[in-house]
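A short write-up of the structure that comes next.
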Protein chains: 4
Amino acid sequence: MIAILRQGTTQEQTAPLIDWLEKQGVRVHVSVGEMHTVLGLVGDTEHIDMDMIQCLDIVDSVMRVSDPFKAANRKFHPEDSVIAIGEGGPKFGGGHFAVISGPCSVETPEQITYVAEKVKEAGADLLRGGAFKPRTSPYDFQGHGKKGLDMLLDAKKATGLPIVTELMDIRTLDLFADVDVIQVGARNTQNFDLLKELGKTTKPILLKRGLAGTIKELLMSAEYIMSNGNENVILCERGIRTYESTYTRNTLDISAVPVLKELTHLPVVVDPSHATGKRNLVPSMALASVAAGADGLMIEVHNDPAHAWSDGPQSMTPEAFAALMQQVRAVREVVAK
Amino acid sequence: MIAILRQGTTQEQTAPLIDWLEKQGVRVHVSVGEMHTVLGLVGDTEHIDMDMIQCLDIVDSVMRVSDPFKAANRKFHPEDSVIAIGEGGPKFGGGHFAVISGPCSVETPEQITYVAEKVKEAGADLLRGGAFKPRTSPYDFQGHGKKGLDMLLDAKKATGLPIVTELMDIRTLDLFADVDVIQVGARNTQNFDLLKELGKTTKPILLKRGLAGTIKELLMSAEYIMSNGNENVILCERGIRTYESTYTRNTLDISAVPVLKELTHLPVVVDPSHATGKRNLVPSMALASVAAGADGLMIEVHNDPAHAWSDGPQSMTPEAFAALMQQVRAVREVVAK
Amino acid sequence: MIAILRQGTTQEQTAPLIDWLEKQGVRVHVSVGEMHTVLGLVGDTEHIDMDMIQCLDIVDSVMRVSDPFKAANRKFHPEDSVIAIGEGGPKFGGGHFAVISGPCSVETPEQITYVAEKVKEAGADLLRGGAFKPRTSPYDFQGHGKKGLDMLLDAKKATGLPIVTELMDIRTLDLFADVDVIQVGARNTQNFDLLKELGKTTKPILLKRGLAGTIKELLMSAEYIMSNGNENVILCERGIRTYESTYTRNTLDISAVPVLKELTHLPVVVDPSHATGKRNLVPSMALASVAAGADGLMIEVHNDPAHAWSDGPQSMTPEAFAALMQQVRAVREVVAK
Amino acid sequence: MIAILRQGTTQEQTAPLIDWLEKQGVRVHVSVGEMHTVLGLVGDTEHIDMDMIQCLDIVDSVMRVSDPFKAANRKFHPEDSVIAIGEGGPKFGGGHFAVISGPCSVETPEQITYVAEKVKEAGADLLRGGAFKPRTSPYDFQGHGKKGLDMLLDAKKATGLPIVTELMDIRTLDLFADVDVIQVGARNTQNFDLLKELGKTTKPILLKRGLAGTIKELLMSAEYIMSNGNENVILCERGIRTYESTYTRNTLDISAVPVLKELTHLPVVVDPSHATGKRNLVPSMALASVAAGADGLMIEVHNDPAHAWSDGPQSMTPEAFAALMQQVRAVREVVAK
């Protein structure tokens with residue numbers, strides 16, 4: 001940690017701070033510059049509260065030199081983590097690549113099983129579908145809840161695909177006993193109490209980046225889960241909020257993939273469907289994510305021939321998904337070498 | 001609701017959509033332009049799923065003409081709501097103005113009672129203090145929890161000031177029985193299950209705008225509380241995330257005050273302390289908020305003479321707060337006429 | 001164009017507006033809703049000033065249904081434009097793909113010629129290098145100016161590579177007579193007088209997206225050039241300003257590639273070097289751009305063995321660039337099919 | 001300047017860098033930590049290129065401790081600058097406050113003179129009006145150019161109000177000989193060649209913050225003007241681009257006022273009309289700006305009774321402006337004490 005003192009700070013003002021810091025068990029190197037004095041804190045600075053130093057009148061700014069994330073940090077865990085979904089199931093990370101696919105919402109038993117069969121055929125490794133739905137408006141459809149979970153589990157039985165679905169309220173955790181991967185949505189990325197509880201389970205967690213979350217915040221949220229004991233965290237880039245919202249709903253931050261791969265050993269998947277909000281952008285963004293090194297994809301697919309118009313604007317047909325999967329495999333071959 | 005059809009859409013393609021819409025109970029006006037055909041949907045369009053229309057291949061874009069918020073909407077409730085805190089207590093809205101003040105975290109019984117006395121003296125109307133603290137890092141201080149609540153309640157007893165404090169986990173709701181105003185923090189603005197539960201209480205709720213939340217999202221979150229029965233919602237602008245983060249932590253969006261006052265009848269308060277993250281910016285931002293028409297302020301004040309450096313970078317001293325309160329009253333007099 | 005009138009607007013208030021609009025030569029369709037009346041303007045609405053309508057007290061909001069860009073619009077020009085750089089030279093668009101490479105700044109004759117040879121060897125199609133440099137600080141190196149252009153032209157002579165370089169001040173246009181592609185930098189994307197002048201030339205223009213420019217603004221800037229007579233415009237995505245600036249300088253908006261390809265017939269290239277500002281992110285972002293359908297890349301390469309540390313943080317070595325080029329070709333093969 | 005070396009950097013790797021730095025005339029303090037070594041550079045570090053250090057493989061990050069702006073820096077010029085507009089004219093800064101007002105565009109001689117008289121009556125100190133207009137679309141009205149300037153000068157003659165108007169193209173500088181304050185618009189804030197030329201004049205410059213410009217960039221642009229000899233720079237906050245664009249065009253960053261007042265001695269004015277783009281938000285944002293300590297305001301006023309609907313959505317009537325001016329003076333009295 002480095003503290004830059006304000007211009008004109010005297011030695012008498014600095015001495016008590018240095019004294020206090022040394023009592024906390026850190027060594028302090030002092031560099032006196034023309035304009036500023038800089039304190040370099042060396043040792044176990046993890047327990048020094050940065051905000052507390054920052055607040056001092058004599059301090060201009062404080063900067064942490066070491067990363068605030070530990071369990072997720074590649075520096076302390078250089079090998080890629082491999083997150084395996086069940087025995088003999090799909091894997092994410094460490095050279096393994098998997099695709100999660102399915103409809104945005106679970107609607108009917110027929111729909112979810114039909115889509116599950118179709119995406120399996122096309123090569124998907126896991127089935128997704130929303131039973132509990134976070135909606136901006138209380139007047140919009142909130143998902144089928146427990147019934148939706150049951151439909152998903154039936155589709156799992158029918159196809160053998162492990163399932164991924166979102167948990168919004170920690171009080172419903174018991175209902176997720178047979179779910180293979182619990183998804184934490186973008187609005188809950190910083191719901192710390194929920195993260196702590198999930199940290200006490202052993203379930204793989206698909207942790208989405210916040211609506212306007214930084215990369216560091218995503219890693220710190222993973223840290224909440226991991227420091228509570230559950231190291232099975234899969235990170236998910238899903239687009240960030242920017243000023244550009246006319247042509248895309250969010251801006252997919254594909255550069256987060258290589259950045260995260262460098263900072264952490266956890267696998268990183270990309271959800272191009274929610275990021276763009278537009279079906280016609282999904283294939284190119286999926287391929288771009290794979291080219292950038294993603295460990296997996298999450299893609300919305302829908303089919304309901306009788307109500308052609310009820311599939312969301314961000315969902316592909318099973319046919320388009322199958323065609324995309326072929327290109328995904330080809331690009332993956334180029335970059336995975 | 002207005003739907004703009006893609007160029008080249010034929011009448012045969014359009015007919016089933018119009019037919020379906022009319023079955024949903026809305027009337028459809030068709031305007032055929034040179035380039036585009038526009039459908040104007042009239043009637044009870046609230047239950048029409050905008051996303052569902054948007055997804056159709058023949059649809060270019062969809063736009064809601066009426067606001068998606070009902071209970072909070074000033075159009076249906078032209079008079080300002082007045083939120084009263086207890087009998088004979090402070091009020092927000094409808095010409096009433098109140099100031100919430102106190103430390104960021106409740107630290108010790110002495111500290112919180114001392115600050116409570118000081119801010120009361122200076123003219124604060126409510127006491128704030130964090131017992132449950134949302135922290136980006138699991139390794140940072142998470143608040144004293146229930147013990148912190150008890151200290152706050154003691155300070156309330158000592159001073160008579162009603163208290164405001166944050167609830168992070170709905171499972172702790174019972175602990176908040178004697179809390180006067182429950183705060184929903186920026187990371188929980190879209191924790192919809194929590195909002196629903198708070199909607200079933202009768203407590204005044206201080207609802208903060210999300211970290212990067214839109215004004216519409218804030219209103220829709222208020223709607224989650226109100227549509228569940230609790231109309232005692234106080235909105236709080238607390239700065240938004242922008243690209244400018246060198247000199248201010250967030251960008252305080254003061255224009256949200258007049259915008260919200262026009263859209264909703266709910267009172268609007270501003271928290272300049274969290275927005276800027278810097279003590280020296282708090283007075284000017286507090287005055288600006290009052291000049292813009294805010295119904296209240298939330299300001300961090302701290303005092304711990306023995307540990308001068310432990311007050312956060314965003315907290316004022318009681319003395320500075322007292323001086324600010326005088327200017328606040330003077331500006332309020334100019335704009336409240 | 002659609003105008004939504006405020007609630008409670010009477011027919012007497014509306015009549016003069018409709019009358020005026022019809023005198024401007026547009027037909028007006030009126031849809032009367034429960035809450036709002038909607039006017040649909042049909043015909044030649046291009047000359048109707050949207051702001052002028054917006055300002056009326058009786059108008060709630062106005063929306064253009066047709067795109068404001070004409071010359072660049074794919075609707076009126078469905079075929080991809082192919083921009084050829086000189087006779088027998090590289091081409092962008094319509095299935096053609098080209099790579100622009102070279103150092104950020106032209107430093108010495110040896111440096112630029114050496115890099116030119118190296119990138120040519122690796123497969124680059126054009127040479128880039130800054131002679132006039134836009135720098136945030138007046139105290140930073142501003143480029144070699146005319147001398148730098150001469151060095152670039154010498155490197156062109158030596159290697160045969162066409163050159164791309166930035167023009168910052170329209171008064172220097174004469175100096176660019178032998179430059180093959182004139183670059184408009186992100187800080188000049190809305191320097192409209194400069195764009196108009198470039199529109200009077202016949203040079204291919206590489207037009208970068210503004211620092212925080214929208215996709216629509218980029219197209220409107222292209223329109224400034226094209227409506228003045230020069231249709232040789234190559235669009236360049238180079239990252240946008242977002243709240244995330246810790247790990248990447250800008251956020252590369254790769255989704256802009258498929259969005260632009262749908263909206264316009266102009267070719268789209270991506271500059272991953274400036275976007276990320278970090279050498280180690282360039283390869284993955286370059287591959288992602290190609291996978292997303294870009295018509296070209298612009299990549300910084302530097303080499304100066306004697307001053308190993310003088311290459312910018314965003315530049316690759318010629319060796320790394322050569323390795324990247326092989327992967328670029330392989331990904332291109334997958335997606336160009 | 002501080003350079004943090006990568007983990008695992010050896011002394012042999014560090015020695016040549018330290019050697020080189022010392023040859024550039026700076027002293028280097030080395031602090032060896034558990035994880036990182038930190039170099040503190042002391043002395044005349046202004047000429048050390050931060051990017052050059054950053055690029056080194058052994059360097060993790062670099063941070064400037066001193067500000068990159070000199071001429072505008074309050075540290076070297078603690079007293080407020082007072083910018084006087086002509087002899088006996090209005091002044092900005094150092095306790096002086098002035099209001100610039102007028103229409104967005106100069107339309108006719110009658111219009112501009114009429115508005116000039118009205119705003120003078122209400123207490124405006126300077127007249128504004130656009131003759132050269134930066135418009136996103138080449139198909140929109142681009143201003144009357146030289147003719148518009150003549151109309152402005154006539155209005156100046158008629159009322160005695162000094163005039164402020166925008167220069168877009170440095171080639172037109174001669175036309176601005178009788179203009180009192182030259183405005184640099186948000187799209188030209190980083191048009192460095194234009195800034196350099198204005199730096200060679202003695203005219204007061206009203207420098208607007210860029211569309212998505214940082215506070216530091218605004219100061220560095222002022223630095224371009226000042227380092228070329230012209231110290232008469234008035235800074236103007238005019239709203240920044242954020243994700244919130246439904247209810248306000250830009251987000252007015254009022255906190256920029258106290259931040260700038262702390263960093264620089266230059267006066268700061270606020271333009272609430274362009275920031276919000278909505279007439280009804282102008283009064284509250286104007287008052288908020290004054291409460292925050294602004295040295296002046298720039299407010300759009302329009303009047304054209306015959307074409308009531310041709311005034312822009314962001315312009316006030318002269319009557320509303322006169323009422324606002326009274327409140328402005330009252331708030332100013334509170335905060336200027």
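Convention: chains lettered A, B, ... in structure tokens order; per-chain residue numbering from 1; ligands numbered from 1 as shown.
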Identify all chain C residues at most 9 Å from chain D by counting only C-alpha atoms; ligands do not count. Present them as a VMD selection string.
-> chain C and resid 17 46 to 47 49 51 to 57 68 to 69 134 to 141 168 to 169 171 187 to 194 196 211 to 213 217 220 to 221 223 to 224 227 241 to 242 278 to 279 308 to 315
Enumerate the residues of range 29-270 of chain C with a DSSP assignment of strand (DSSP E), computed from the backbone, and present them as a PyMOL selection string.
-> chain C and resi 29-32+37-43+59-63+83-84+91-92+98-102+126-128+163-166+181-184+205-208+233-237+268-270
Resulting file, chosen residues, N, CA and C atoms, as a compact mmCIF listing (two decimals), in the first residue's frame:
# COMPACT_ATOMS: atom_id res chain seq x y z
N HIS C 29 -51.22 11.47 -39.78
CA HIS C 29 -52.23 10.52 -39.31
C HIS C 29 -52.42 10.75 -37.82
N VAL C 30 -53.65 10.87 -37.38
CA VAL C 30 -53.91 11.13 -35.97
C VAL C 30 -54.50 9.88 -35.31
N SER C 31 -53.85 9.41 -34.23
CA SER C 31 -54.42 8.29 -33.46
C SER C 31 -54.75 8.80 -32.06
N VAL C 32 -56.00 8.76 -31.69
CA VAL C 32 -56.39 9.26 -30.38
C VAL C 32 -56.46 8.10 -29.39
N THR C 37 -52.56 11.39 -27.58
CA THR C 37 -52.82 11.41 -29.02
C THR C 37 -51.47 11.30 -29.72
N VAL C 38 -51.46 10.50 -30.77
CA VAL C 38 -50.21 10.29 -31.49
C VAL C 38 -50.36 10.77 -32.92
N LEU C 39 -49.40 11.59 -33.36
CA LEU C 39 -49.41 12.03 -34.76
C LEU C 39 -48.36 11.24 -35.53
N GLY C 40 -48.79 10.62 -36.61
CA GLY C 40 -47.84 9.93 -37.49
C GLY C 40 -47.59 10.80 -38.70
N LEU C 41 -46.34 11.22 -38.91
CA LEU C 41 -46.02 12.08 -40.05
C LEU C 41 -45.51 11.22 -41.19
N VAL C 42 -46.10 11.36 -42.34
CA VAL C 42 -45.76 10.52 -43.47
C VAL C 42 -45.35 11.39 -44.64
N GLY C 43 -44.36 10.96 -45.38
CA GLY C 43 -43.91 11.71 -46.57
C GLY C 43 -42.48 12.17 -46.37
N VAL C 59 -46.33 18.91 -27.02
CA VAL C 59 -45.68 17.68 -27.46
C VAL C 59 -44.93 17.01 -26.30
N ASP C 60 -45.18 15.74 -26.13
CA ASP C 60 -44.51 14.98 -25.07
C ASP C 60 -43.18 14.44 -25.59
N SER C 61 -43.19 13.82 -26.74
CA SER C 61 -41.93 13.32 -27.31
C SER C 61 -42.08 13.12 -28.80
N VAL C 62 -40.95 13.10 -29.46
CA VAL C 62 -40.91 12.95 -30.91
C VAL C 62 -39.92 11.85 -31.23
N MET C 63 -40.20 11.08 -32.25
CA MET C 63 -39.33 9.97 -32.59
C MET C 63 -39.22 9.87 -34.10
N ILE C 83 -13.81 -0.43 -50.68
CA ILE C 83 -12.90 0.72 -50.77
C ILE C 83 -11.52 0.19 -51.15
N ALA C 84 -11.09 0.55 -52.35
CA ALA C 84 -9.80 0.08 -52.84
C ALA C 84 -8.74 1.16 -52.60
N LYS C 91 -7.92 -3.88 -50.41
CA LYS C 91 -9.32 -3.45 -50.43
C LYS C 91 -9.99 -3.76 -49.10
N PHE C 92 -10.96 -2.93 -48.76
CA PHE C 92 -11.76 -3.14 -47.54
C PHE C 92 -13.23 -3.31 -47.94
N ALA C 98 -8.31 -6.35 -44.94
CA ALA C 98 -6.93 -5.83 -44.98
C ALA C 98 -6.47 -5.43 -43.59
N VAL C 99 -5.17 -5.50 -43.38
CA VAL C 99 -4.60 -5.19 -42.07
C VAL C 99 -3.66 -3.98 -42.18
N ILE C 100 -3.89 -3.01 -41.32
CA ILE C 100 -3.06 -1.81 -41.23
C ILE C 100 -2.17 -1.97 -40.01
N SER C 101 -0.89 -1.74 -40.17
CA SER C 101 -0.01 -1.96 -39.04
C SER C 101 1.15 -0.98 -39.05
N GLY C 102 1.77 -0.80 -37.90
CA GLY C 102 2.90 0.11 -37.79
C GLY C 102 2.95 0.71 -36.40
N LEU C 126 -1.20 -2.44 -45.16
CA LEU C 126 -0.95 -0.99 -45.15
C LEU C 126 -0.08 -0.67 -43.94
N LEU C 127 0.63 0.47 -44.06
CA LEU C 127 1.50 0.93 -42.98
C LEU C 127 0.88 2.13 -42.29
N ARG C 128 0.85 2.11 -40.96
CA ARG C 128 0.37 3.27 -40.23
C ARG C 128 1.53 3.87 -39.42
N ILE C 163 0.16 4.02 -47.21
CA ILE C 163 0.24 4.54 -45.84
C ILE C 163 -1.05 5.22 -45.37
N VAL C 164 -1.27 5.07 -44.07
CA VAL C 164 -2.42 5.65 -43.37
C VAL C 164 -1.86 6.54 -42.28
N THR C 165 -2.29 7.80 -42.23
CA THR C 165 -1.82 8.65 -41.14
C THR C 165 -2.84 9.73 -40.84
N GLU C 166 -2.77 10.24 -39.62
CA GLU C 166 -3.82 11.14 -39.14
C GLU C 166 -3.60 12.59 -39.53
N VAL C 181 -4.33 6.87 -47.27
CA VAL C 181 -5.58 6.92 -46.49
C VAL C 181 -5.41 7.97 -45.40
N ILE C 182 -6.33 8.92 -45.34
CA ILE C 182 -6.26 9.94 -44.29
C ILE C 182 -7.10 9.47 -43.10
N GLN C 183 -6.47 9.47 -41.94
CA GLN C 183 -7.17 9.06 -40.73
C GLN C 183 -7.76 10.28 -40.02
N VAL C 184 -9.02 10.17 -39.61
CA VAL C 184 -9.63 11.17 -38.73
C VAL C 184 -9.69 10.54 -37.35
N ILE C 205 -10.91 7.76 -46.53
CA ILE C 205 -10.85 8.32 -45.17
C ILE C 205 -11.09 7.20 -44.17
N LEU C 206 -10.19 7.08 -43.21
CA LEU C 206 -10.41 6.14 -42.10
C LEU C 206 -10.98 6.96 -40.95
N LEU C 207 -12.28 6.77 -40.70
CA LEU C 207 -12.98 7.61 -39.73
C LEU C 207 -13.18 6.86 -38.42
N LYS C 208 -12.49 7.34 -37.39
CA LYS C 208 -12.59 6.66 -36.10
C LYS C 208 -13.85 7.10 -35.34
N VAL C 233 -15.28 6.03 -47.45
CA VAL C 233 -15.15 6.12 -46.00
C VAL C 233 -15.05 4.71 -45.40
N ILE C 234 -14.04 4.53 -44.56
CA ILE C 234 -13.86 3.29 -43.81
C ILE C 234 -14.10 3.63 -42.35
N LEU C 235 -15.02 2.93 -41.73
CA LEU C 235 -15.34 3.22 -40.32
C LEU C 235 -14.41 2.43 -39.41
N CYS C 236 -14.08 3.01 -38.28
CA CYS C 236 -13.16 2.32 -37.37
C CYS C 236 -13.64 2.36 -35.92
N GLU C 237 -13.94 1.18 -35.39
CA GLU C 237 -14.26 1.04 -33.97
C GLU C 237 -12.94 1.00 -33.19
N VAL C 268 -15.94 -1.79 -42.14
CA VAL C 268 -15.70 -1.51 -40.72
C VAL C 268 -14.41 -2.20 -40.29
N VAL C 269 -13.47 -1.43 -39.78
CA VAL C 269 -12.24 -2.03 -39.24
C VAL C 269 -12.19 -1.78 -37.73
N VAL C 270 -11.35 -2.54 -37.05
CA VAL C 270 -11.25 -2.41 -35.59
C VAL C 270 -9.80 -2.15 -35.21
Ordered Cα pairing of chain A with chain D, RMSD after least-squares superposition = 0.1 Å
Within 12 Å of Leu263 in chain B, counting only C-alpha atoms, which residues qualify if same-chain residues fewer than 4 places away don't, as a ChimeraX atom specification?
-> /B:66-80,215-216,218-220,256-259,267-268 /D:247
Picked from range 68-302 of chain A by DSSP as alpha helix (DSSP H), as number ranges by chain = A: 109-122, 146-159, 192-199, 215-226, 256-263, 272-276, 282-291
How would the residues just picked look written out with C-alpha atoms as a CSV table (one decimal), in the first residue's frame?
chain,number,residue,atom,x,y,z
A,109,PRO,CA,-43.3,-28.7,-19.8
A,110,GLU,CA,-43.6,-29.3,-23.5
A,111,GLN,CA,-41.7,-26.1,-24.4
A,112,ILE,CA,-38.8,-26.7,-22.1
A,113,THR,CA,-38.4,-30.4,-23.0
A,114,TYR,CA,-38.7,-29.7,-26.7
A,115,VAL,CA,-36.0,-27.0,-26.6
A,116,ALA,CA,-33.8,-29.2,-24.3
A,117,GLU,CA,-33.9,-31.9,-27.0
A,118,LYS,CA,-33.2,-29.5,-29.8
A,119,VAL,CA,-30.2,-27.8,-28.1
A,120,LYS,CA,-28.8,-31.1,-27.0
A,121,GLU,CA,-29.0,-32.3,-30.6
A,122,ALA,CA,-27.1,-29.2,-31.7
A,146,LYS,CA,-41.2,-23.8,-8.1
A,147,LYS,CA,-43.4,-25.2,-10.9
A,148,GLY,CA,-40.8,-23.9,-13.4
A,149,LEU,CA,-38.0,-25.7,-11.5
A,150,ASP,CA,-40.0,-28.9,-11.7
A,151,MET,CA,-40.4,-28.5,-15.5
A,152,LEU,CA,-36.7,-28.0,-15.8
A,153,LEU,CA,-36.0,-31.1,-13.8
A,154,ASP,CA,-38.3,-33.1,-16.0
A,155,ALA,CA,-36.4,-31.8,-19.1
A,156,LYS,CA,-33.2,-32.8,-17.4
A,157,LYS,CA,-34.6,-36.3,-16.9
A,158,ALA,CA,-35.7,-36.5,-20.5
A,159,THR,CA,-32.4,-35.3,-22.0
A,192,PHE,CA,-23.5,-10.1,-0.3
A,193,ASP,CA,-25.7,-12.1,2.1
A,194,LEU,CA,-26.9,-14.3,-0.7
A,195,LEU,CA,-23.3,-14.8,-1.9
A,196,LYS,CA,-22.2,-15.8,1.6
A,197,GLU,CA,-24.9,-18.5,1.8
A,198,LEU,CA,-24.0,-19.9,-1.6
A,199,GLY,CA,-20.5,-20.0,-0.3
A,215,ILE,CA,-14.1,-6.4,-13.2
A,216,LYS,CA,-12.8,-6.0,-9.7
A,217,GLU,CA,-16.2,-6.0,-8.2
A,218,LEU,CA,-17.0,-9.3,-10.0
A,219,LEU,CA,-13.8,-10.8,-8.6
A,220,MET,CA,-14.6,-9.5,-5.1
A,221,SER,CA,-18.1,-11.1,-5.4
A,222,ALA,CA,-16.5,-14.4,-6.3
A,223,GLU,CA,-14.4,-13.9,-3.3
A,224,TYR,CA,-17.5,-13.7,-1.1
A,225,ILE,CA,-18.5,-17.2,-2.3
A,226,MET,CA,-15.0,-18.7,-2.2
A,256,ALA,CA,-13.2,-8.8,-19.9
A,257,VAL,CA,-12.5,-12.3,-21.0
A,258,PRO,CA,-8.7,-12.0,-21.5
A,259,VAL,CA,-8.5,-9.6,-18.5
A,260,LEU,CA,-10.2,-12.1,-16.2
A,261,LYS,CA,-8.2,-15.0,-17.6
A,262,GLU,CA,-5.1,-13.1,-16.6
A,263,LEU,CA,-6.3,-12.0,-13.1
A,272,PRO,CA,-24.2,-12.7,-25.7
A,273,SER,CA,-28.0,-13.0,-25.7
A,274,HIS,CA,-28.6,-10.8,-22.7
A,275,ALA,CA,-25.8,-8.5,-23.6
A,276,THR,CA,-27.1,-7.4,-26.9
A,282,VAL,CA,-25.9,-13.2,-31.0
A,283,PRO,CA,-23.9,-15.3,-33.5
A,284,SER,CA,-21.2,-12.8,-34.2
A,285,MET,CA,-20.8,-12.0,-30.5
A,286,ALA,CA,-20.7,-15.7,-29.6
A,287,LEU,CA,-17.9,-16.3,-32.1
A,288,ALA,CA,-16.0,-13.2,-31.0
A,289,SER,CA,-16.2,-14.4,-27.4
A,290,VAL,CA,-14.8,-17.8,-28.3
A,291,ALA,CA,-12.1,-16.2,-30.4
Atomic separation - CA of Met1 in chain A relative to CA of Val65 in chain A, Å |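 Taking CA of Val65 in chain A and CA of Met1 in chain A, their separation equals 5.2 Å.
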Can you tell me how far CA of Pro90 in chain B sits from CA of Leu161 in chain B, in Å to one decimal?
->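 Here the two named atoms are 9.3 Å from each other.
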